file upload_37.txt (compact mmCIF, C-alpha atoms)
# COMPACT_ATOMS: atom_id res chain seq x y z
CA MET A 4 0.00 0.00 0.00
CA SER A 5 1.26 3.46 -0.90
CA THR A 6 2.23 5.49 2.16
CA LYS A 7 1.44 9.05 1.12
CA LEU A 8 -1.27 10.92 -0.78
CA ASN A 9 -0.02 13.78 -2.93
CA LYS A 10 -1.48 17.28 -2.73
CA LYS A 11 -3.72 16.83 -5.78
CA GLU A 12 -5.15 13.55 -4.47
CA ILE A 13 -5.89 15.11 -1.09
CA GLU A 14 -7.80 17.95 -2.79
CA LYS A 15 -9.57 15.69 -5.31
CA PHE A 16 -10.86 13.25 -2.70
CA SER A 17 -11.17 15.73 0.17
CA ARG A 18 -14.93 15.26 0.59
CA GLN A 19 -14.35 11.54 1.15
CA ILE A 20 -11.24 11.90 3.25
CA ILE A 21 -13.03 14.23 5.67
CA LEU A 22 -15.48 11.45 6.58
CA LYS A 23 -14.45 9.89 9.87
CA ASN A 24 -15.11 6.38 8.49
CA ILE A 25 -12.66 6.95 5.63
CA GLY A 26 -9.84 9.43 6.28
CA THR A 27 -6.48 9.17 4.56
CA LEU A 28 -6.07 5.50 5.50
CA GLY A 29 -9.40 4.63 3.87
CA GLN A 30 -8.57 6.62 0.77
CA LYS A 31 -5.31 4.68 0.44
CA LYS A 32 -7.32 1.44 0.60
CA ILE A 33 -9.47 2.66 -2.28
CA LEU A 34 -6.42 3.71 -4.30
CA ASN A 35 -4.87 0.27 -3.81
CA SER A 36 -7.96 -1.81 -4.63
CA LYS A 37 -8.80 -3.54 -7.92
CA VAL A 38 -12.36 -4.15 -9.12
CA LEU A 39 -13.55 -6.21 -12.07
CA ILE A 40 -16.89 -5.18 -13.62
CA ILE A 41 -18.61 -7.65 -15.92
CA GLY A 42 -21.19 -6.03 -18.17
CA MET A 43 -20.86 -2.37 -19.17
CA GLY A 44 -24.55 -1.68 -19.54
CA GLY A 45 -27.13 -0.07 -17.28
CA LEU A 46 -25.43 -1.33 -14.10
CA GLY A 47 -21.78 -1.37 -15.13
CA CYS A 48 -21.75 2.20 -16.42
CA PRO A 49 -22.79 3.97 -13.19
CA ALA A 50 -20.82 1.51 -11.05
CA SER A 51 -17.61 2.15 -12.99
CA ASP A 52 -18.26 5.89 -13.09
CA PHE A 53 -18.52 6.28 -9.31
CA LEU A 54 -15.72 3.83 -8.53
CA THR A 55 -13.45 5.82 -10.84
CA ARG A 56 -14.53 9.08 -9.20
CA SER A 57 -13.82 7.55 -5.77
CA GLY A 58 -10.20 6.97 -6.80
CA ILE A 59 -10.22 3.20 -7.30
CA GLY A 60 -6.73 2.10 -8.28
CA GLY A 61 -7.47 -0.61 -10.80
CA LEU A 62 -10.56 -1.32 -12.86
CA GLY A 63 -11.21 -4.18 -15.27
CA ILE A 64 -14.24 -3.90 -17.56
CA VAL A 65 -15.65 -6.83 -19.53
CA ASP A 66 -18.15 -6.58 -22.41
CA HIS A 67 -18.20 -7.73 -26.04
CA ASP A 68 -21.15 -5.56 -27.09
CA ILE A 69 -21.34 -2.39 -29.16
CA ILE A 70 -23.35 0.72 -28.28
CA SER A 71 -26.86 0.93 -29.71
CA LEU A 72 -29.38 3.76 -29.66
CA SER A 73 -31.60 1.97 -27.14
CA ASN A 74 -28.70 1.80 -24.63
CA ILE A 75 -28.30 5.52 -24.19
CA HIS A 76 -31.33 6.25 -21.98
CA ARG A 77 -29.84 4.25 -19.10
CA GLN A 78 -26.10 3.78 -19.83
CA ASN A 79 -24.64 7.10 -18.70
CA LEU A 80 -21.15 6.78 -20.19
CA TYR A 81 -22.42 6.79 -23.79
CA ASN A 82 -24.02 9.28 -26.18
CA GLU A 83 -25.16 9.28 -29.81
CA LYS A 84 -21.65 10.00 -31.09
CA ASP A 85 -20.63 6.61 -29.68
CA LEU A 86 -23.13 4.50 -31.64
CA ASN A 87 -21.76 1.21 -33.06
CA LYS A 88 -18.52 1.57 -31.10
CA SER A 89 -17.16 -0.93 -28.58
CA LYS A 90 -18.64 -0.37 -25.12
CA VAL A 91 -15.40 -1.12 -23.26
CA LYS A 92 -13.26 1.08 -25.52
CA VAL A 93 -15.60 4.07 -25.19
CA ALA A 94 -15.99 3.48 -21.44
CA LYS A 95 -12.23 3.41 -20.90
CA LYS A 96 -11.82 6.74 -22.71
CA LYS A 97 -14.60 8.40 -20.70
CA LEU A 98 -13.44 6.97 -17.37
CA ASN A 99 -9.83 8.02 -17.97
CA GLU A 100 -11.08 11.56 -18.52
CA ILE A 101 -12.69 11.40 -15.07
CA ASN A 102 -9.61 9.97 -13.34
CA PRO A 103 -6.45 9.40 -15.38
CA LYS A 104 -4.81 7.63 -12.41
CA THR A 105 -7.26 4.72 -12.39
CA LYS A 106 -5.60 1.93 -14.36
CA ILE A 107 -8.27 0.50 -16.64
CA ASN A 108 -7.95 -2.84 -18.42
CA ILE A 109 -10.54 -3.65 -21.07
CA PHE A 110 -11.67 -7.15 -22.03
CA ASP A 111 -13.60 -6.98 -25.29
CA PHE A 112 -14.90 -10.54 -25.28
CA LYS A 113 -17.89 -12.66 -24.34
CA LEU A 114 -17.24 -14.09 -20.90
CA ASN A 115 -16.61 -17.81 -20.61
CA LYS A 116 -14.98 -20.07 -18.05
CA LYS A 117 -11.56 -20.05 -19.71
CA ASN A 118 -11.13 -16.30 -20.13
CA PHE A 119 -12.71 -15.55 -16.74
CA GLU A 120 -10.28 -17.93 -15.01
CA ARG A 121 -7.47 -16.03 -16.70
CA ILE A 122 -8.42 -12.57 -15.42
CA ILE A 123 -10.27 -13.07 -12.11
CA LYS A 124 -7.08 -13.68 -10.11
CA ASN A 125 -5.94 -10.10 -10.78
CA TYR A 126 -8.90 -8.48 -8.99
CA ASP A 127 -10.02 -8.25 -5.36
CA TYR A 128 -13.70 -7.48 -5.94
CA ILE A 129 -16.13 -8.53 -8.67
CA ILE A 130 -19.25 -6.65 -9.81
CA ASP A 131 -21.76 -8.63 -11.87
CA GLY A 132 -23.81 -6.32 -14.08
CA THR A 133 -24.86 -8.96 -16.61
CA ASP A 134 -28.40 -9.63 -17.78
CA ASN A 135 -28.52 -13.41 -18.19
CA PHE A 136 -28.39 -16.32 -15.79
CA GLU A 137 -25.73 -18.28 -17.68
CA SER A 138 -23.25 -15.46 -17.05
CA LYS A 139 -24.46 -14.82 -13.50
CA PHE A 140 -24.00 -18.44 -12.43
CA LEU A 141 -20.57 -18.61 -14.09
CA ILE A 142 -19.49 -15.43 -12.27
CA ASN A 143 -20.92 -16.78 -9.01
CA ASP A 144 -19.19 -20.15 -9.33
CA LEU A 145 -15.74 -18.83 -10.21
CA SER A 146 -15.89 -16.03 -7.64
CA GLN A 147 -16.69 -18.71 -5.07
CA LYS A 148 -13.86 -20.92 -6.32
CA HIS A 149 -11.31 -18.08 -6.11
CA LYS A 150 -12.67 -16.74 -2.79
CA LYS A 151 -13.53 -13.28 -4.10
CA ILE A 152 -16.03 -10.73 -2.84
CA LEU A 153 -18.88 -10.60 -5.36
CA VAL A 154 -21.52 -7.88 -5.66
CA THR A 155 -24.34 -8.81 -8.05
CA GLY A 156 -27.09 -6.62 -9.45
CA ALA A 157 -30.26 -7.28 -11.43
CA ILE A 158 -32.86 -4.83 -12.75
CA SER A 159 -36.24 -5.00 -14.46
CA LYS A 160 -39.05 -2.46 -14.96
CA PHE A 161 -38.95 -0.38 -11.73
CA ASP A 162 -37.23 -3.02 -9.58
CA GLY A 163 -33.70 -3.89 -8.56
CA HIS A 164 -31.93 -6.67 -6.67
CA ILE A 165 -28.52 -6.34 -5.01
CA PHE A 166 -26.56 -9.25 -3.53
CA THR A 167 -23.18 -9.36 -1.80
CA PHE A 168 -21.27 -12.61 -1.30
CA ASN A 169 -18.00 -12.73 0.63
CA PHE A 170 -16.58 -16.00 -0.56
CA LYS A 171 -13.60 -15.70 1.76
CA ASN A 172 -16.12 -17.15 4.23
CA LYS A 173 -16.54 -20.86 3.44
CA ASN A 174 -20.06 -20.87 4.95
CA GLU A 175 -21.29 -18.05 2.71
CA PRO A 176 -24.45 -18.75 0.67
CA CYS A 177 -24.29 -18.08 -3.07
CA LEU A 178 -26.52 -17.03 -5.94
CA ARG A 179 -27.60 -20.62 -6.55
CA ASP A 180 -29.08 -20.69 -3.05
CA PHE A 181 -31.44 -17.87 -4.00
CA TYR A 182 -32.38 -18.74 -7.59
CA GLN A 183 -33.52 -22.18 -8.67
CA GLU A 184 -31.60 -22.53 -11.91
CA GLU A 185 -33.90 -25.10 -13.43
CA ILE A 186 -37.02 -22.89 -13.45
CA ILE A 187 -35.70 -19.40 -14.23
CA THR A 188 -35.56 -17.65 -17.59
CA ASP A 189 -33.50 -14.71 -18.79
CA GLU A 190 -36.62 -12.70 -19.64
CA ILE A 191 -36.87 -11.55 -16.00
CA LEU A 192 -33.42 -9.92 -16.25
CA ASN A 193 -33.42 -8.61 -19.79
CA CYS A 194 -34.52 -5.02 -20.47
CA GLU A 195 -35.39 -5.97 -24.06
CA TYR A 196 -38.21 -8.18 -22.78
CA GLU A 197 -39.38 -6.41 -19.63
CA GLY A 198 -38.37 -2.78 -20.13
CA ILE A 199 -36.55 -0.59 -17.61
CA LEU A 200 -36.80 3.00 -16.37
CA GLY A 201 -33.37 4.54 -16.90
CA THR A 202 -33.11 5.98 -13.41
CA VAL A 203 -33.58 2.50 -11.90
CA ALA A 204 -30.40 1.32 -13.63
CA GLY A 205 -28.52 4.38 -12.38
CA ILE A 206 -29.67 3.94 -8.78
CA ILE A 207 -28.95 0.21 -8.58
CA GLY A 208 -25.61 0.54 -10.42
CA THR A 209 -24.54 3.27 -8.02
CA MET A 210 -25.56 1.09 -5.07
CA LEU A 211 -23.32 -1.70 -6.43
CA ALA A 212 -20.37 0.72 -6.34
CA ASN A 213 -21.39 1.78 -2.83
CA GLU A 214 -21.40 -1.83 -1.61
CA VAL A 215 -17.93 -2.44 -3.05
CA LEU A 216 -16.55 0.69 -1.39
CA LYS A 217 -18.04 -0.39 1.96
CA GLN A 218 -16.36 -3.78 1.56
CA ILE A 219 -13.02 -2.14 0.72
CA LEU A 220 -13.29 0.16 3.73
CA ASN A 221 -14.92 -2.42 6.03
CA ILE A 222 -17.54 0.09 7.18
CA GLY A 223 -21.28 0.18 7.72
CA LYS A 224 -23.89 -2.57 7.63
CA ASN A 225 -22.68 -5.69 5.89
CA LEU A 226 -24.86 -7.00 3.05
CA SER A 227 -22.87 -10.23 2.87
CA GLY A 228 -25.28 -13.17 2.54
CA PHE A 229 -28.30 -10.91 2.02
CA ILE A 230 -30.30 -9.50 -0.86
CA ILE A 231 -31.80 -6.01 -1.00
CA ILE A 232 -34.99 -5.90 -3.06
CA VAL A 233 -35.85 -2.41 -4.26
CA ASP A 234 -39.24 -1.37 -5.69
CA LEU A 235 -38.64 2.18 -6.88
CA LEU A 236 -42.17 2.61 -8.22
CA ASN A 237 -43.74 2.19 -4.80
CA LEU A 238 -40.67 3.02 -2.67
CA ARG A 239 -40.49 -0.34 -0.96
CA PHE A 240 -37.16 -1.71 0.24
CA ARG A 241 -36.62 -5.18 1.71
CA LYS A 242 -33.48 -6.85 3.04
CA VAL A 243 -33.71 -10.64 3.02
CA LYS A 244 -31.24 -13.18 4.39
CA ILE A 245 -30.15 -15.92 1.99
CA ASN A 246 -29.80 -19.35 3.56
CA LYS A 247 -27.47 -21.99 2.21
CA ARG A 248 -29.47 -24.69 0.52
CA LYS A 249 -29.01 -28.11 2.07
CA LYS A 250 -27.34 -30.59 -0.24
CA MET A 251 -29.56 -33.50 -1.17
call {"tool": "encode", "arguments": {"input": "upload_37.txt", "output": "structure tokens"}}
result
Amino acid sequence: MSTKLNKKEIEKFSRQIILKNIGTLGQKKILNSKVLIIGMGGLGCPASDFLTRSGIGGLGIVDHDIISLSNIHRQNLYNEKDLNKSKVKVAKKKLNEINPKTKINIFDFKLNKKNFERIIKNYDYIIDGTDNFESKFLINDLSQKHKKILVTGAISKFDGHIFTFNFKNKNEPCLRDFYQEEIITDEILNCEYEGILGTVAGIIGTMLANEVLKQILNIGKNLSGFIIIVDLLNLRFRKVKINKRKKM
């Protein structure tokens, strides 16, 4: 861990540093942390934006998609000049303009077990912003295998789900304990099928970044092993404990 913040860093992050739960020691933790974000859509864009603004030291972003017109209403890093360009390439450029000191690695590929195994070891925290269960279960399983801290988000219509799993704890439940894989379909996660209010994506994506920062700093209420269910249409919020499913 670096031992000293320079004058510019102290000024740039002064509103965080002044918080008694953070201070200079906490800011150093942020500067020395590495986060991998999978999916640079409605959740990944705001999460990466605020992590970069917080001073995160290393950021990996994974997505093989290009920017389409229908993305722009909820994916805050992109505009109409970016249409048909690579999401990760555009995101890196925009994020580096926010904080040139955040080291950003881009992975312009469709996630699979082989390429995920190759990159996951280089990151301390994983954010899952994907919109299909095949990817979510793969991210869950390999984060569990490599004992990472995983923050997962899902959005649809006016609703959002946020999970945190600290797989350094061998007794931690996982995503498979909440969802029954055999009966779920991707339609409940995919904006193309269900629709999504843009602000919902921004709120839930920002909350994903907030949960990662709390984990880095070891502050506040711990969401580990829980899900927060957010209904932003009716302003209902529920926190539910996830129990490990007994093996048959």
call {"tool": "closest_atom_pairs", "arguments": {"input": "upload_37.txt", "of": "range 84-172 of chain A", "to": "range 12-25 of chain A", "cutoff": "12 Å", "atoms": "only C-alpha atoms", "output": "Markdown table"}}
result
| residue | atom | partner | partner_atom | distance |
| --- | --- | --- | --- | --- |
| A:Ile101 | CA | A:Lys15 | CA | 11.1 |
| A:Asn102 | CA | A:Lys15 | CA | 9.9 |
| A:Pro103 | CA | A:Glu12 | CA | 11.7 |
| A:Lys104 | CA | A:Glu12 | CA | 9.9 |
call {"tool": "atom_distance", "arguments": {"input": "upload_37.txt", "atom1": "CA of Lys10 in chain A", "atom2": "CA of Ser57 in chain A"}}
result
16.0 Å
call {"tool": "residues_around", "arguments": {"input": "upload_37.txt", "residues": "range 200-205 of chain A", "least_positions_apart": "5", "cutoff": "6 Å", "atoms": "only C-alpha atoms", "output": "ChimeraX atom specification"}}
result
/A:45-46,49,76-77
call {"tool": "atom_distance", "arguments": {"input": "upload_37.txt", "atom1": "CA of Glu83 in chain A", "atom2": "CA of Leu98 in chain A"}}
result
17.2 Å
call {"tool": "residues_around", "arguments": {"input": "upload_37.txt", "residues": "Lys150 in chain A", "least_positions_apart": "4", "cutoff": "6 Å", "atoms": "only C-alpha atoms", "output": "PDB file with C-alpha atoms, in the coordinates of the input"}}
result
ATOM      1  CA  SER A 146     -15.890 -16.030  -7.640  1.00  0.00           C
ATOM      2  CA  PHE A 170     -16.580 -16.000  -0.560  1.00  0.00           C
ATOM      3  CA  LYS A 171     -13.600 -15.700   1.760  1.00  0.00           C
TER       4      LYS A 171
END
call {"tool": "closest_residue", "arguments": {"input": "upload_37.txt", "among": "A:Gly156, A:Gly58, A:Gly26, A:Gly163", "to": "Ile40 in chain A", "atoms": "all atoms listed in the file"}}
result
A:Gly156
call {"tool": "closest_residue", "arguments": {"input": "upload_37.txt", "among": "A:Ile222, A:Ile158, A:Cys177, A:Leu153", "to": "Asp234 in chain A", "atoms": "all atoms listed in the file"}}
result
A:Ile158
call {"tool": "closest_residue", "arguments": {"input": "upload_37.txt", "among": "A:Val154, A:Val233, A:Leu216, A:Leu211", "to": "Asn35 in chain A", "atoms": "all atoms listed in the file"}}
result
A:Leu216
call {"tool": "residues_around", "arguments": {"input": "upload_37.txt", "residues": "range 128-132 of chain A", "least_positions_apart": "6", "cutoff": "9 Å", "atoms": "all atoms listed in the file", "output": "ChimeraX atom specification"}}
result
/A:36-47,50,138-139,142-143,146,151-157,208,211-212,215,218-219
call {"tool": "closest_residue", "arguments": {"input": "upload_37.txt", "among": "A:Thr167, A:Phe181, A:His67, A:Asp52", "to": "Tyr81 in chain A", "atoms": "only C-alpha atoms"}}
result
A:Asp52
call {"tool": "atom_distance", "arguments": {"input": "upload_37.txt", "atom1": "CA of Ile231 in chain A", "atom2": "CA of Arg248 in chain A"}}
result
18.9 Å
